[in-house]
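Novice: You'll find structure-v2.csv just under this line, and it carries CSV, C-alpha atoms.
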chain,number,residue,atom,x,y,z
F,1,MET,CA,8.8,-17.9,44.4
F,2,PRO,CA,11.4,-17.4,41.7
F,3,GLY,CA,9.5,-19.4,39.1
F,4,ALA,CA,6.3,-17.3,39.5
F,5,ARG,CA,8.4,-14.1,39.3
F,6,GLU,CA,10.2,-15.3,36.1
F,7,ALA,CA,6.9,-16.2,34.5
F,8,HIS,CA,5.4,-12.8,35.4
F,9,GLU,CA,8.5,-11.1,33.9
F,10,GLU,CA,8.2,-13.2,30.7
F,11,ARG,CA,4.5,-12.2,30.4
F,12,GLU,CA,5.4,-8.5,30.8
F,13,GLU,CA,8.1,-8.8,28.2
F,14,GLY,CA,5.7,-10.5,25.9
F,15,ALA,CA,3.1,-7.8,26.4
F,16,ALA,CA,5.7,-5.1,25.8
F,17,ALA,CA,6.9,-6.8,22.6
F,18,THR,CA,3.3,-7.1,21.3
F,19,GLY,CA,2.8,-3.4,22.1
F,20,TRP,CA,5.9,-2.6,20.1
F,21,VAL,CA,4.5,-4.6,17.1
F,22,TRP,CA,1.5,-2.2,17.0
F,23,THR,CA,3.7,0.8,17.6
F,24,ALA,CA,6.2,-0.2,14.8
F,25,ALA,CA,3.3,-0.2,12.4
F,26,TRP,CA,2.7,3.5,13.0
F,27,PRO,CA,5.3,4.9,10.5
F,28,VAL,CA,3.7,2.7,7.8
F,29,THR,CA,0.3,4.3,8.5
F,30,ALA,CA,1.8,7.8,8.7
F,31,VAL,CA,3.5,7.6,5.3
F,32,PHE,CA,0.5,6.0,3.7
F,33,VAL,CA,-1.7,8.9,4.9
F,34,LEU,CA,0.5,11.0,2.6
F,35,SER,CA,0.4,8.6,-0.3
F,36,ASN,CA,-3.3,9.3,-1.1
F,37,ALA,CA,-3.9,12.6,0.8
F,38,ALA,CA,-3.8,14.5,-2.5
F,39,THR,CA,-6.5,12.3,-4.2
F,40,PRO,CA,-9.6,14.4,-3.4
F,41,LEU,CA,-7.7,17.6,-4.3
F,42,TYR,CA,-6.9,16.7,-7.8
F,43,VAL,CA,-10.2,17.8,-9.3
F,44,ARG,CA,-9.7,21.2,-7.5
F,45,TRP,CA,-6.1,21.5,-8.8
F,46,GLN,CA,-7.3,20.5,-12.3
F,47,ARG,CA,-9.8,23.3,-12.3
F,48,GLU,CA,-7.4,25.9,-10.8
F,49,ILE,CA,-4.2,25.0,-12.7
F,50,GLY,CA,-5.8,23.6,-15.8
F,51,PHE,CA,-4.7,20.1,-17.1
F,52,SER,CA,-6.2,17.1,-18.8
F,53,LYS,CA,-7.2,13.7,-17.4
F,54,GLY,CA,-4.1,12.3,-19.1
F,55,THR,CA,-1.9,14.8,-17.2
F,56,LEU,CA,-3.8,13.9,-14.0
F,57,THR,CA,-2.9,10.2,-14.3
F,58,VAL,CA,0.8,11.2,-15.2
F,59,ILE,CA,0.9,13.2,-11.9
F,60,PHE,CA,-0.4,10.1,-10.1
F,61,ALA,CA,2.0,7.9,-11.9
F,62,CYS,CA,5.0,10.0,-10.8
F,63,TYR,CA,4.3,8.6,-7.4
F,64,ILE,CA,4.7,5.1,-8.9
F,65,VAL,CA,8.0,6.1,-10.6
F,66,GLY,CA,9.4,7.3,-7.3
F,67,LEU,CA,8.2,4.3,-5.5
F,68,LEU,CA,9.6,1.8,-8.0
F,69,GLY,CA,12.9,3.6,-8.0
F,70,SER,CA,13.0,3.5,-4.2
F,71,LEU,CA,12.2,-0.2,-4.2
F,72,LEU,CA,15.3,-0.9,-6.4
F,73,VAL,CA,17.4,0.4,-3.5
F,74,SER,CA,15.6,0.5,-0.2
F,75,GLY,CA,14.9,-3.2,0.4
F,76,VAL,CA,18.6,-4.3,-0.3
F,77,VAL,CA,20.0,-1.4,1.7
F,78,SER,CA,17.6,-2.0,4.6
F,79,ASP,CA,18.6,-5.7,4.8
F,80,ARG,CA,22.3,-4.7,4.8
F,81,VAL,CA,22.6,-1.6,7.0
F,82,GLY,CA,19.4,-1.7,9.0
F,83,ARG,CA,15.8,-0.4,9.0
F,84,LYS,CA,16.4,3.0,10.7
F,85,PRO,CA,19.0,4.4,8.1
F,86,VAL,CA,16.4,3.8,5.4
F,87,LEU,CA,13.3,4.9,7.3
F,88,LEU,CA,14.5,8.2,8.8
F,89,PRO,CA,15.6,9.8,5.5
F,90,ALA,CA,12.3,8.6,3.9
F,91,LEU,CA,10.3,10.3,6.6
F,92,GLY,CA,12.2,13.5,6.0
F,93,LEU,CA,11.4,13.3,2.3
F,94,ALA,CA,7.8,12.8,3.1
F,95,MET,CA,7.8,16.0,5.2
F,96,ALA,CA,9.3,17.9,2.2
F,97,ALA,CA,6.5,16.5,0.1
F,98,CYS,CA,3.9,17.9,2.6
F,99,ALA,CA,5.5,21.4,2.3
F,100,ILE,CA,5.4,21.3,-1.5
F,101,PHE,CA,1.8,20.0,-1.7
F,102,ALA,CA,0.6,22.7,0.7
F,103,SER,CA,2.0,25.5,-1.5
F,104,ALA,CA,1.5,23.9,-5.0
F,105,SER,CA,0.4,26.1,-7.8
F,106,ALA,CA,1.7,24.4,-10.9
F,107,VAL,CA,1.8,20.9,-12.4
F,108,ALA,CA,5.6,20.7,-11.8
F,109,ALA,CA,5.1,21.1,-8.0
F,110,LEU,CA,2.6,18.4,-8.0
F,111,ILE,CA,4.9,16.1,-9.9
F,112,VAL,CA,7.8,16.7,-7.5
F,113,ALA,CA,5.6,16.2,-4.4
F,114,ARG,CA,4.2,13.0,-5.8
F,115,LEU,CA,7.7,11.8,-6.7
F,116,PHE,CA,9.0,12.4,-3.1
F,117,SER,CA,5.9,10.7,-1.8
F,118,GLY,CA,6.6,7.6,-3.9
F,119,ILE,CA,10.2,7.4,-2.7
F,120,ALA,CA,9.1,7.6,0.9
F,121,VAL,CA,6.4,4.9,0.4
F,122,GLY,CA,8.9,2.6,-1.4
F,123,ALA,CA,11.2,2.8,1.7
F,124,VAL,CA,8.3,2.1,4.0
F,125,VAL,CA,6.8,-0.9,2.2
F,126,SER,CA,10.2,-2.6,2.2
F,127,ALA,CA,12.0,-1.4,5.4
F,128,GLY,CA,9.0,-0.3,7.4
F,129,MET,CA,7.0,-3.5,7.0
F,130,ALA,CA,10.1,-5.6,7.6
F,131,ALA,CA,10.7,-3.6,10.8
F,132,VAL,CA,7.3,-4.7,12.0
F,133,THR,CA,8.2,-8.3,11.5
F,134,ASP,CA,11.6,-7.8,13.2
F,135,VAL,CA,10.0,-6.3,16.3
F,136,ALA,CA,7.4,-9.1,16.3
F,137,GLY,CA,10.0,-11.9,16.3
F,138,PRO,CA,9.6,-15.4,14.9
F,139,GLY,CA,6.6,-16.3,17.0
F,140,ARG,CA,4.4,-13.4,15.8
F,141,ARG,CA,5.1,-13.3,12.1
F,142,ARG,CA,1.4,-13.8,11.2
F,143,LEU,CA,0.4,-10.9,13.5
F,144,ALA,CA,3.2,-8.8,11.9
F,145,ALA,CA,1.9,-9.5,8.4
F,146,LEU,CA,-1.6,-8.5,9.4
F,147,LEU,CA,-0.6,-5.3,11.2
F,148,ALA,CA,1.8,-4.2,8.5
F,149,SER,CA,-0.7,-4.8,5.8
F,150,CYS,CA,-3.6,-3.1,7.7
F,151,ALA,CA,-1.4,-0.2,8.6
F,152,MET,CA,-0.8,0.4,4.9
F,153,VAL,CA,-4.4,0.3,3.7
F,154,PHE,CA,-5.8,2.2,6.7
F,155,GLY,CA,-3.3,5.0,6.2
F,156,ALA,CA,-4.0,5.0,2.5
F,157,GLY,CA,-7.7,5.4,3.2
F,158,LEU,CA,-7.4,7.9,6.1
F,159,GLY,CA,-5.4,10.4,3.9
F,160,PRO,CA,-8.2,11.1,1.4
F,161,LEU,CA,-10.8,11.4,4.1
F,162,LEU,CA,-8.8,14.0,6.0
F,163,ALA,CA,-8.0,15.8,2.8
F,164,GLY,CA,-11.7,15.9,1.8
F,165,VAL,CA,-12.5,17.6,5.2
F,166,LEU,CA,-9.4,19.8,5.7
F,167,GLY,CA,-8.4,20.6,2.1
F,168,LYS,CA,-4.7,21.6,1.9
F,169,GLY,CA,-4.6,21.8,5.7
F,170,VAL,CA,-4.3,18.0,5.6
F,171,PHE,CA,-0.6,18.5,4.8
F,172,VAL,CA,0.0,20.4,8.0
F,173,LEU,CA,-1.6,17.6,10.0
F,174,GLU,CA,0.3,15.0,8.1
F,175,ALA,CA,3.6,16.8,8.9
F,176,VAL,CA,2.8,16.3,12.6
F,177,LEU,CA,1.9,12.6,12.1
F,178,LEU,CA,5.3,12.2,10.3
F,179,ALA,CA,7.1,13.9,13.2
F,180,ALA,CA,5.6,11.4,15.6
F,181,ALA,CA,6.7,8.6,13.2
F,182,VAL,CA,10.3,9.9,13.4
F,183,LEU,CA,10.2,9.5,17.2
F,184,VAL,CA,8.9,5.9,16.9
F,185,VAL,CA,11.6,4.9,14.4
F,186,ALA,CA,14.3,6.5,16.5
F,187,ARG,CA,13.3,4.4,19.5
F,188,MET,CA,12.3,1.2,17.7
F,189,PRO,CA,14.0,-1.9,19.1
F,190,VAL,CA,15.5,-3.3,15.9
F,191,ARG,CA,19.0,-4.7,15.6
F,192,ARG,CA,21.5,-3.9,12.9
F,193,PRO,CA,22.1,-6.7,10.4
F,194,VAL,CA,25.2,-8.9,10.9
F,195,ALA,CA,25.2,-10.8,7.6
F,196,PRO,CA,27.8,-9.8,5.1
F,197,ALA,CA,26.7,-7.8,2.0
F,198,LYS,CA,26.3,-9.9,-1.2
F,199,GLY,CA,25.5,-8.7,-4.7
F,200,ALA,CA,24.7,-5.3,-6.1
F,201,TRP,CA,23.3,-2.6,-3.9
F,202,VAL,CA,20.9,-1.4,-6.7
F,203,ARG,CA,19.0,-4.2,-8.3
F,204,ILE,CA,15.6,-5.6,-9.1
F,205,PRO,CA,14.5,-7.0,-5.8
F,206,GLY,CA,14.0,-10.7,-5.5
F,207,VAL,CA,13.6,-13.6,-3.0
F,208,PRO,CA,15.9,-16.5,-2.0
F,209,ARG,CA,15.9,-19.6,-4.1
F,210,GLY,CA,12.9,-21.8,-3.3
F,211,SER,CA,10.6,-18.8,-2.5
F,212,GLY,CA,9.8,-17.8,-6.1
F,213,GLY,CA,6.5,-19.6,-6.1
F,214,GLN,CA,5.2,-17.8,-3.1
F,215,LEU,CA,6.2,-14.4,-4.6
F,216,LEU,CA,4.5,-15.2,-7.9
F,217,MET,CA,1.3,-16.2,-6.1
F,218,GLY,CA,1.3,-13.0,-4.1
F,219,ILE,CA,1.9,-10.8,-7.1
F,220,ALA,CA,-0.7,-12.6,-9.2
F,221,VAL,CA,-3.5,-11.4,-6.8
F,222,PHE,CA,-2.0,-8.3,-5.3
F,223,ALA,CA,-1.2,-6.6,-8.6
F,224,PRO,CA,-4.8,-6.6,-10.0
F,225,GLY,CA,-6.1,-5.5,-6.6
F,226,ILE,CA,-3.8,-2.5,-6.2
F,227,THR,CA,-4.2,-1.6,-9.8
F,228,ALA,CA,-8.0,-1.5,-9.3
F,229,THR,CA,-7.7,0.8,-6.2
F,230,SER,CA,-5.1,2.9,-8.1
F,231,PHE,CA,-7.7,3.5,-10.9
F,232,VAL,CA,-10.3,4.5,-8.3
F,233,LEU,CA,-7.8,6.9,-6.7
F,234,SER,CA,-6.7,8.5,-10.0
F,235,LEU,CA,-9.9,8.7,-12.0
F,236,GLY,CA,-12.5,8.0,-9.3
F,237,PRO,CA,-12.9,11.7,-8.5
F,238,SER,CA,-13.5,12.5,-12.2
F,239,LEU,CA,-16.1,9.8,-12.4
F,240,LEU,CA,-17.8,11.0,-9.2
F,241,SER,CA,-17.8,14.7,-10.4
F,242,GLY,CA,-19.4,13.6,-13.6
F,243,LEU,CA,-22.1,11.4,-12.0
F,244,LEU,CA,-22.9,13.8,-9.1
F,245,ASP,CA,-22.2,17.0,-10.9
F,246,THR,CA,-19.9,18.2,-8.1
F,247,THR,CA,-16.2,18.8,-7.5
F,248,SER,CA,-16.4,18.5,-3.7
F,249,PRO,CA,-13.4,16.8,-2.4
F,250,VAL,CA,-15.4,15.3,0.5
F,251,ALA,CA,-17.3,12.9,-1.8
F,252,ALA,CA,-14.1,11.6,-3.4
F,253,GLY,CA,-12.2,11.4,-0.1
F,254,ALA,CA,-15.1,9.5,1.5
F,255,MET,CA,-15.2,7.0,-1.3
F,256,ALA,CA,-11.4,6.4,-1.0
F,257,PHE,CA,-11.6,6.1,2.7
F,258,VAL,CA,-14.5,3.5,2.6
F,259,MET,CA,-12.6,1.6,0.0
F,260,PHE,CA,-9.5,1.2,2.2
F,261,LEU,CA,-11.6,0.7,5.3
F,262,THR,CA,-13.1,-2.2,3.5
F,263,ALA,CA,-9.6,-3.4,2.7
F,264,THR,CA,-8.7,-3.3,6.4
F,265,GLY,CA,-11.8,-5.0,7.5
F,266,ALA,CA,-11.5,-7.7,4.9
F,267,GLN,CA,-8.0,-8.6,6.2
F,268,PHE,CA,-9.2,-8.9,9.8
F,269,ALA,CA,-12.1,-11.0,8.6
F,270,VAL,CA,-10.0,-13.6,6.7
F,271,GLN,CA,-6.8,-13.6,8.8
F,272,ARG,CA,-7.5,-17.1,10.2
F,273,LEU,CA,-8.0,-18.7,6.8
F,274,ASP,CA,-5.2,-20.5,5.0
F,275,ARG,CA,-3.1,-18.3,2.6
F,276,ARG,CA,-4.4,-19.8,-0.6
F,277,THR,CA,-8.0,-19.2,0.4
F,278,ILE,CA,-7.2,-15.6,1.2
F,279,LEU,CA,-5.6,-15.1,-2.2
F,280,ILE,CA,-8.4,-16.7,-4.1
F,281,ALA,CA,-11.0,-14.6,-2.3
F,282,GLY,CA,-8.9,-11.5,-3.2
F,283,ALA,CA,-8.9,-12.5,-6.9
F,284,VAL,CA,-12.7,-13.1,-6.9
F,285,SER,CA,-13.3,-9.8,-5.2
F,286,THR,CA,-11.3,-7.8,-7.7
F,287,THR,CA,-13.0,-9.6,-10.6
F,288,ILE,CA,-16.5,-8.8,-9.4
F,289,GLY,CA,-15.4,-5.3,-8.6
F,290,MET,CA,-14.3,-4.6,-12.1
F,291,GLY,CA,-17.6,-6.0,-13.4
F,292,ALA,CA,-19.3,-3.5,-11.1
F,293,LEU,CA,-17.1,-0.7,-12.4
F,294,ILE,CA,-18.1,-1.5,-16.0
F,295,ALA,CA,-21.8,-1.6,-15.0
F,296,ALA,CA,-21.4,1.7,-13.1
F,297,VAL,CA,-20.0,3.7,-16.0
F,298,ARG,CA,-22.4,2.2,-18.4
F,299,ALA,CA,-25.5,2.9,-16.2
F,300,SER,CA,-24.1,6.2,-14.7
F,301,SER,CA,-24.7,4.7,-11.3
F,302,VAL,CA,-23.1,6.1,-8.1
F,303,PRO,CA,-24.1,3.0,-6.0
F,304,LEU,CA,-22.4,0.7,-8.5
F,305,LEU,CA,-19.3,2.8,-8.5
F,306,VAL,CA,-19.1,2.7,-4.7
F,307,ALA,CA,-19.6,-1.1,-4.8
F,308,ALA,CA,-16.8,-1.3,-7.3
F,309,ALA,CA,-14.5,0.7,-5.0
F,310,LEU,CA,-15.4,-1.5,-2.0
F,311,LEU,CA,-14.8,-4.7,-3.9
F,312,ALA,CA,-11.5,-3.3,-5.3
F,313,GLY,CA,-10.4,-2.4,-1.7
F,314,ALA,CA,-11.2,-5.9,-0.4
F,315,GLY,CA,-9.4,-7.4,-3.4
F,316,GLN,CA,-6.2,-5.4,-2.7
F,317,GLY,CA,-6.4,-6.0,1.1
F,318,MET,CA,-6.7,-9.8,0.8
F,319,GLY,CA,-4.1,-10.0,-2.0
F,320,GLN,CA,-1.7,-7.9,0.0
F,321,LEU,CA,-2.2,-9.9,3.3
F,322,GLY,CA,-1.9,-13.2,1.5
F,323,GLY,CA,1.3,-12.1,-0.3
F,324,LEU,CA,2.9,-10.7,2.8
F,325,SER,CA,2.0,-13.8,4.8
F,326,LEU,CA,3.5,-16.1,2.3
F,327,LEU,CA,6.7,-14.1,2.2
F,328,ASN,CA,6.9,-13.9,6.1
F,329,SER,CA,6.6,-17.7,6.3
F,330,ALA,CA,9.2,-18.5,3.6
F,331,VAL,CA,11.8,-15.7,3.6
F,332,PRO,CA,14.5,-15.2,6.4
F,333,ALA,CA,14.7,-11.8,8.1
F,334,SER,CA,18.0,-11.1,6.3
F,335,ARG,CA,16.1,-10.9,3.0
F,336,LEU,CA,12.6,-9.9,4.1
F,337,ALA,CA,12.8,-6.2,3.2
F,338,GLU,CA,14.0,-7.1,-0.3
F,339,ALA,CA,11.2,-9.7,-0.6
F,340,ASN,CA,8.6,-7.1,0.4
F,341,ALA,CA,10.1,-4.8,-2.2
F,342,ALA,CA,9.8,-7.5,-4.8
F,343,LEU,CA,6.1,-8.0,-4.0
F,344,ASN,CA,5.4,-4.3,-4.3
F,345,VAL,CA,7.4,-3.9,-7.6
F,346,GLY,CA,5.2,-6.6,-9.0
F,347,GLY,CA,2.1,-4.9,-7.8
F,348,TYR,CA,2.9,-1.2,-8.6
F,349,VAL,CA,4.2,-1.6,-12.1
F,350,PRO,CA,0.7,-2.4,-13.5
F,351,ALA,CA,-0.8,0.0,-11.0
F,352,GLY,CA,1.2,2.7,-12.6
F,353,VAL,CA,0.9,1.7,-16.3
F,354,LEU,CA,-2.7,0.7,-16.6
F,355,PRO,CA,-4.4,3.7,-14.9
F,356,VAL,CA,-2.3,6.1,-17.0
F,357,THR,CA,-3.3,4.2,-20.1
F,358,ALA,CA,-6.9,4.4,-19.1
F,359,GLY,CA,-6.6,8.2,-18.4
F,360,TYR,CA,-5.2,8.9,-21.9
F,361,LEU,CA,-7.7,6.5,-23.5
F,362,SER,CA,-10.5,8.4,-21.7
F,363,ASP,CA,-9.3,11.7,-23.1
F,364,ALA,CA,-9.4,10.1,-26.6
F,365,VAL,CA,-12.6,8.1,-26.6
F,366,GLY,CA,-14.5,9.2,-23.4
F,367,LEU,CA,-14.4,8.2,-19.8
F,368,THR,CA,-17.1,5.6,-20.2
F,369,THR,CA,-15.2,3.7,-22.9
F,370,GLY,CA,-11.8,4.1,-21.2
F,371,ALA,CA,-13.1,2.8,-17.9
F,372,THR,CA,-14.9,-0.1,-19.6
F,373,VAL,CA,-11.7,-1.2,-21.4
F,374,PHE,CA,-9.7,-0.9,-18.2
F,375,GLY,CA,-12.3,-2.9,-16.2
F,376,ALA,CA,-12.3,-5.7,-18.8
F,377,VAL,CA,-8.5,-6.0,-18.9
F,378,LEU,CA,-8.3,-6.0,-15.1
F,379,MET,CA,-11.0,-8.7,-14.8
F,380,ALA,CA,-8.9,-10.9,-17.1
F,381,LEU,CA,-5.8,-10.3,-15.0
F,382,ALA,CA,-7.6,-11.1,-11.8
F,383,LEU,CA,-9.0,-14.3,-13.2
F,384,VAL,CA,-5.5,-15.3,-14.3
F,385,GLY,CA,-4.2,-14.5,-10.8
F,386,GLY,CA,-6.8,-16.8,-9.2
F,387,LEU,CA,-5.7,-19.6,-11.6
F,388,VAL,CA,-2.0,-19.1,-10.6
F,389,VAL,CA,-3.0,-19.5,-7.0
F,390,LEU,CA,-5.0,-22.6,-7.7
F,391,VAL,CA,-2.0,-24.4,-9.3
F,392,GLY,CA,0.5,-22.9,-6.9
F,393,PRO,CA,2.7,-24.9,-4.5
F,394,PRO,CA,0.9,-27.0,-1.8
F,395,SER,CA,2.8,-25.2,1.0
F,396,SER,CA,0.6,-22.1,0.4
F,397,ARG,CA,-2.3,-24.0,2.1
F,398,ARG,CA,-0.7,-23.7,5.5
F,399,LYS,CA,-1.9,-20.9,7.8
What does this structure look like when you write it as structure tokens?
Specialist:
Amino acid sequence: MPGAREAHEEREEGAAATGWVWTAAWPVTAVFVLSNAATPLYVRWQREIGFSKGTLTVIFACYIVGLLGSLLVSGVVSDRVGRKPVLLPALGLAMAACAIFASASAVAALIVARLFSGIAVGAVVSAGMAAVTDVAGPGRRRLAALLASCAMVFGAGLGPLLAGVLGKGVFVLEAVLLAAAVLVVARMPVRRPVAPAKGAWVRIPGVPRGSGGQLLMGIAVFAPGITATSFVLSLGPSLLSGLLDTTSPVAAGAMAFVMFLTATGAQFAVQRLDRRTILIAGAVSTTIGMGALIAAVRASSVPLLVAAALLAGAGQGMGQLGGLSLLNSAVPASRLAEANAALNVGGYVPAGVLPVTAGYLSDAVGLTTGATVFGAVLMALALVGGLVVLVGPPSSRRK
């Protein structure tokens, strides 16, 4: 029966395509393992090398500088020349960062490794996430947004956990994970773009006309969420060491892992809700989380600090999923990597500036006051983000 055979072949092709959607998300996970793998080790490096909380947040922010610089280029280049020519060099740079981290004995080495990590992550959040959508095809865009977003936050949480257990050995394991990602990218079934190049190659990324409202709504919630998790990553280990009187990287790594595990779980939990509801839930979670952070530092409470981290993770996860889903529904494939880059530029700018400011403020007036001011500012931004979503275009209500 030809009809039955054709239907069977179509089902097999559909299953193979779905399998590739999951596989295509692996390079995103692998690079994001590196993005936060150094987090539990900062307190140890701070003790061994000797530098202030302000310097610590500068080291962290160099990652943001590399990422933002990468986003000015990688999204546009990926849409014009293809995903693989952007992803393969980025994976090579991530491997170089692993080697530098593993042998770091000075602040300069940490800065270079963080810079390389940021450049690699910038390529992945634009080209890598777009590649997941390309492989998924038009019929699986919602699945692609979910898997790309979860791959990012799961990798971001797995890195600190592995580092807490393995110490600097995590960078050897990470090099192996990146090598596997290279093989995946090399075989990934993505086509080269056919549209002619338009505009400058290096520019602030944006979206096509008519999609600005969706981008603004995504940034309004994603930015406070990822800024909250950035604070936990940069100064969370210092807070924990003060509250628990320990410099063990396991505690800091475990808190970061649980934070991003919550981000992953939250996305699966809300995936069937409409996009506006997801974004509002993200804004509410970040707001409550920053209230918990203020209470934690005021009361010297580890449970409240962990609660703040979990709520921050959920806020980032839902803001990220809602933002990516809006862009996947509104932006054509020929501009999708650039649109992803625009969302991340909007999120990572405050995620770089505010934690650094909080770090230097903490050096000047104490960690309790610095964290309190940071939490209050971010609560206000999250509330504004929720209001932006409430008054956003009606099209955001669709699933």
Novice: For each of F:Ala308, F:Ala96, F:Ile280, F:Ala371, take the minimum atom-to-atom distance to Val384 in chain F, counting only C-alpha atoms, then give the residue where this is smallest.
Specialist: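 Ranked by minimum distance to Val384 in chain F, first place goes to F:Ile280.
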Novice: Interatomic distance between CA of Gly346 in chain F and CA of Leu235 in chain F?
Specialist: 21.7 Å
Novice: Each residue of range 172-290 of chain F with at least one atom at most 10 Å from range 55-63 of chain F should appear once, together with its nearest atom pair and the corresponding distance in Å (one decimal); atoms considered: only C-alpha atoms; ordering: chain, then increasing residue number; output as a Markdown table.
Specialist:
| residue | atom | partner | partner_atom | distance |
| --- | --- | --- | --- | --- |
| F:Ser230 | CA | F:Phe60 | CA | 8.8 |
| F:Phe231 | CA | F:Thr57 | CA | 8.9 |
| F:Leu233 | CA | F:Phe60 | CA | 8.7 |
| F:Ser234 | CA | F:Thr57 | CA | 6.0 |
| F:Leu235 | CA | F:Thr57 | CA | 7.5 |
| F:Ser238 | CA | F:Leu56 | CA | 10.0 |
Novice: Enter the distance from CA of Gly122 in chain F to CA of Ile204 in chain F, in Å, rounded to one decimal.
Specialist: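 Computing it gives 13.1 Å between the two atoms.
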Novice: With all atoms listed in the file as the atoms that count, which of F:Ala25, F:Ile226, F:Met255, F:Ala109 lies nearest to Leu354 in chain F?
Specialist: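 Of the candidates, the smallest distance to Leu354 in chain F is held by F:Ile226.
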Novice: Which residue out of F:Gly82, F:Gly50, F:Gly137, F:Gly366 has the minimum interatomic distance to Ala106 in chain F when all atoms listed in the file are used?
Specialist: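 For Ala106 in chain F, the nearest of the given residues is F:Gly50.
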Novice: Pick the closest to Ala330 in chain F from F:Gly66, F:Gly359, F:Gly385, F:Pro138: which is it, counting only C-alpha atoms?
Specialist: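 Looking only at the distances to Ala330 in chain F, the closest residue turns out to be F:Pro138.
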Novice: Quick one, how far is CA of Phe171 in chain F from CA of Cys98 in chain F?
Specialist: 5.0 Å
Novice: For range 153-170 of chain F, find every residue with an atom within 8 Å (counting only C-alpha atoms), except residues of its own chain fewer than 4 positions away, and show them as a count of residues only.
Specialist: 34
Novice: Quick one: everything within 6 Å of range 290-296 of chain F, counting all atoms listed in the file, minus sequence neighbours fewer than 3 positions away in the same chain. Send it as a list in words.
Specialist: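 Once the nearby chain positions are removed, what remains is Thr287, Ala299, Ser300, Ser301, Leu304, Leu305, Ala308, Thr372, Gly375 and Met379 of chain F.
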Novice: Using all atoms listed in the file, pick whichever of F:Val176, F:Ala108, F:Ala281, F:Leu327 has the shortest atom-to-atom distance to Leu311 in chain F.
Specialist: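 Distance minimum relative to Leu311 in chain F lands on F:Ala281.
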Novice: Around (15.0, 4.0, 17.2), as given in the file, which residues come within 12 Å? Count only C-alpha atoms and list them as a ChimeraX atom specification.
Specialist: /F:20,23-24,27,82-88,131,135,181-192
Novice: Go ahead and save the residues from that selection, with C-alpha atoms, as a PDB file, keeping the file's coordinate frame.
Specialist:
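Okay, this is what ended up in result.pdb:
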ATOM      1  CA  TRP F  20       5.900  -2.600  20.100  1.00  0.00           C
ATOM      2  CA  THR F  23       3.700   0.800  17.600  1.00  0.00           C
ATOM      3  CA  ALA F  24       6.200  -0.200  14.800  1.00  0.00           C
ATOM      4  CA  PRO F  27       5.300   4.900  10.500  1.00  0.00           C
ATOM      5  CA  GLY F  82      19.400  -1.700   9.000  1.00  0.00           C
ATOM      6  CA  ARG F  83      15.800  -0.400   9.000  1.00  0.00           C
ATOM      7  CA  LYS F  84      16.400   3.000  10.700  1.00  0.00           C
ATOM      8  CA  PRO F  85      19.000   4.400   8.100  1.00  0.00           C
ATOM      9  CA  VAL F  86      16.400   3.800   5.400  1.00  0.00           C
ATOM     10  CA  LEU F  87      13.300   4.900   7.300  1.00  0.00           C
ATOM     11  CA  LEU F  88      14.500   8.200   8.800  1.00  0.00           C
ATOM     12  CA  ALA F 131      10.700  -3.600  10.800  1.00  0.00           C
ATOM     13  CA  VAL F 135      10.000  -6.300  16.300  1.00  0.00           C
ATOM     14  CA  ALA F 181       6.700   8.600  13.200  1.00  0.00           C
ATOM     15  CA  VAL F 182      10.300   9.900  13.400  1.00  0.00           C
ATOM     16  CA  LEU F 183      10.200   9.500  17.200  1.00  0.00           C
ATOM     17  CA  VAL F 184       8.900   5.900  16.900  1.00  0.00           C
ATOM     18  CA  VAL F 185      11.600   4.900  14.400  1.00  0.00           C
ATOM     19  CA  ALA F 186      14.300   6.500  16.500  1.00  0.00           C
ATOM     20  CA  ARG F 187      13.300   4.400  19.500  1.00  0.00           C
ATOM     21  CA  MET F 188      12.300   1.200  17.700  1.00  0.00           C
ATOM     22  CA  PRO F 189      14.000  -1.900  19.100  1.00  0.00           C
ATOM     23  CA  VAL F 190      15.500  -3.300  15.900  1.00  0.00           C
ATOM     24  CA  ARG F 191      19.000  -4.700  15.600  1.00  0.00           C
ATOM     25  CA  ARG F 192      21.500  -3.900  12.900  1.00  0.00           C
TER      26      ARG F 192
END
Novice: May I ask which of the residues F:Tyr360, F:Phe268, F:Phe222, F:Trp22 is the closest one to Asn344 in chain F, counting only C-alpha atoms?
Specialist: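 Among the listed residues, the smallest separation from Asn344 in chain F belongs to F:Phe222.
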Novice: I want to know what sits within 7 Å of Gly370 in chain F, based on all atoms listed in the file, with residues of the same chain fewer than 4 positions away left out; could you give that as a compact mmCIF listing (two decimals) with C-alpha atoms, in the frame of the given file?
Specialist:
# COMPACT_ATOMS: atom_id res chain seq x y z
CA ALA F 358 -6.90 4.40 -19.10
CA LEU F 361 -7.70 6.50 -23.50
CA SER F 362 -10.50 8.40 -21.70
CA VAL F 365 -12.60 8.10 -26.60
CA GLY F 366 -14.50 9.20 -23.40
CA PHE F 374 -9.70 -0.90 -18.20
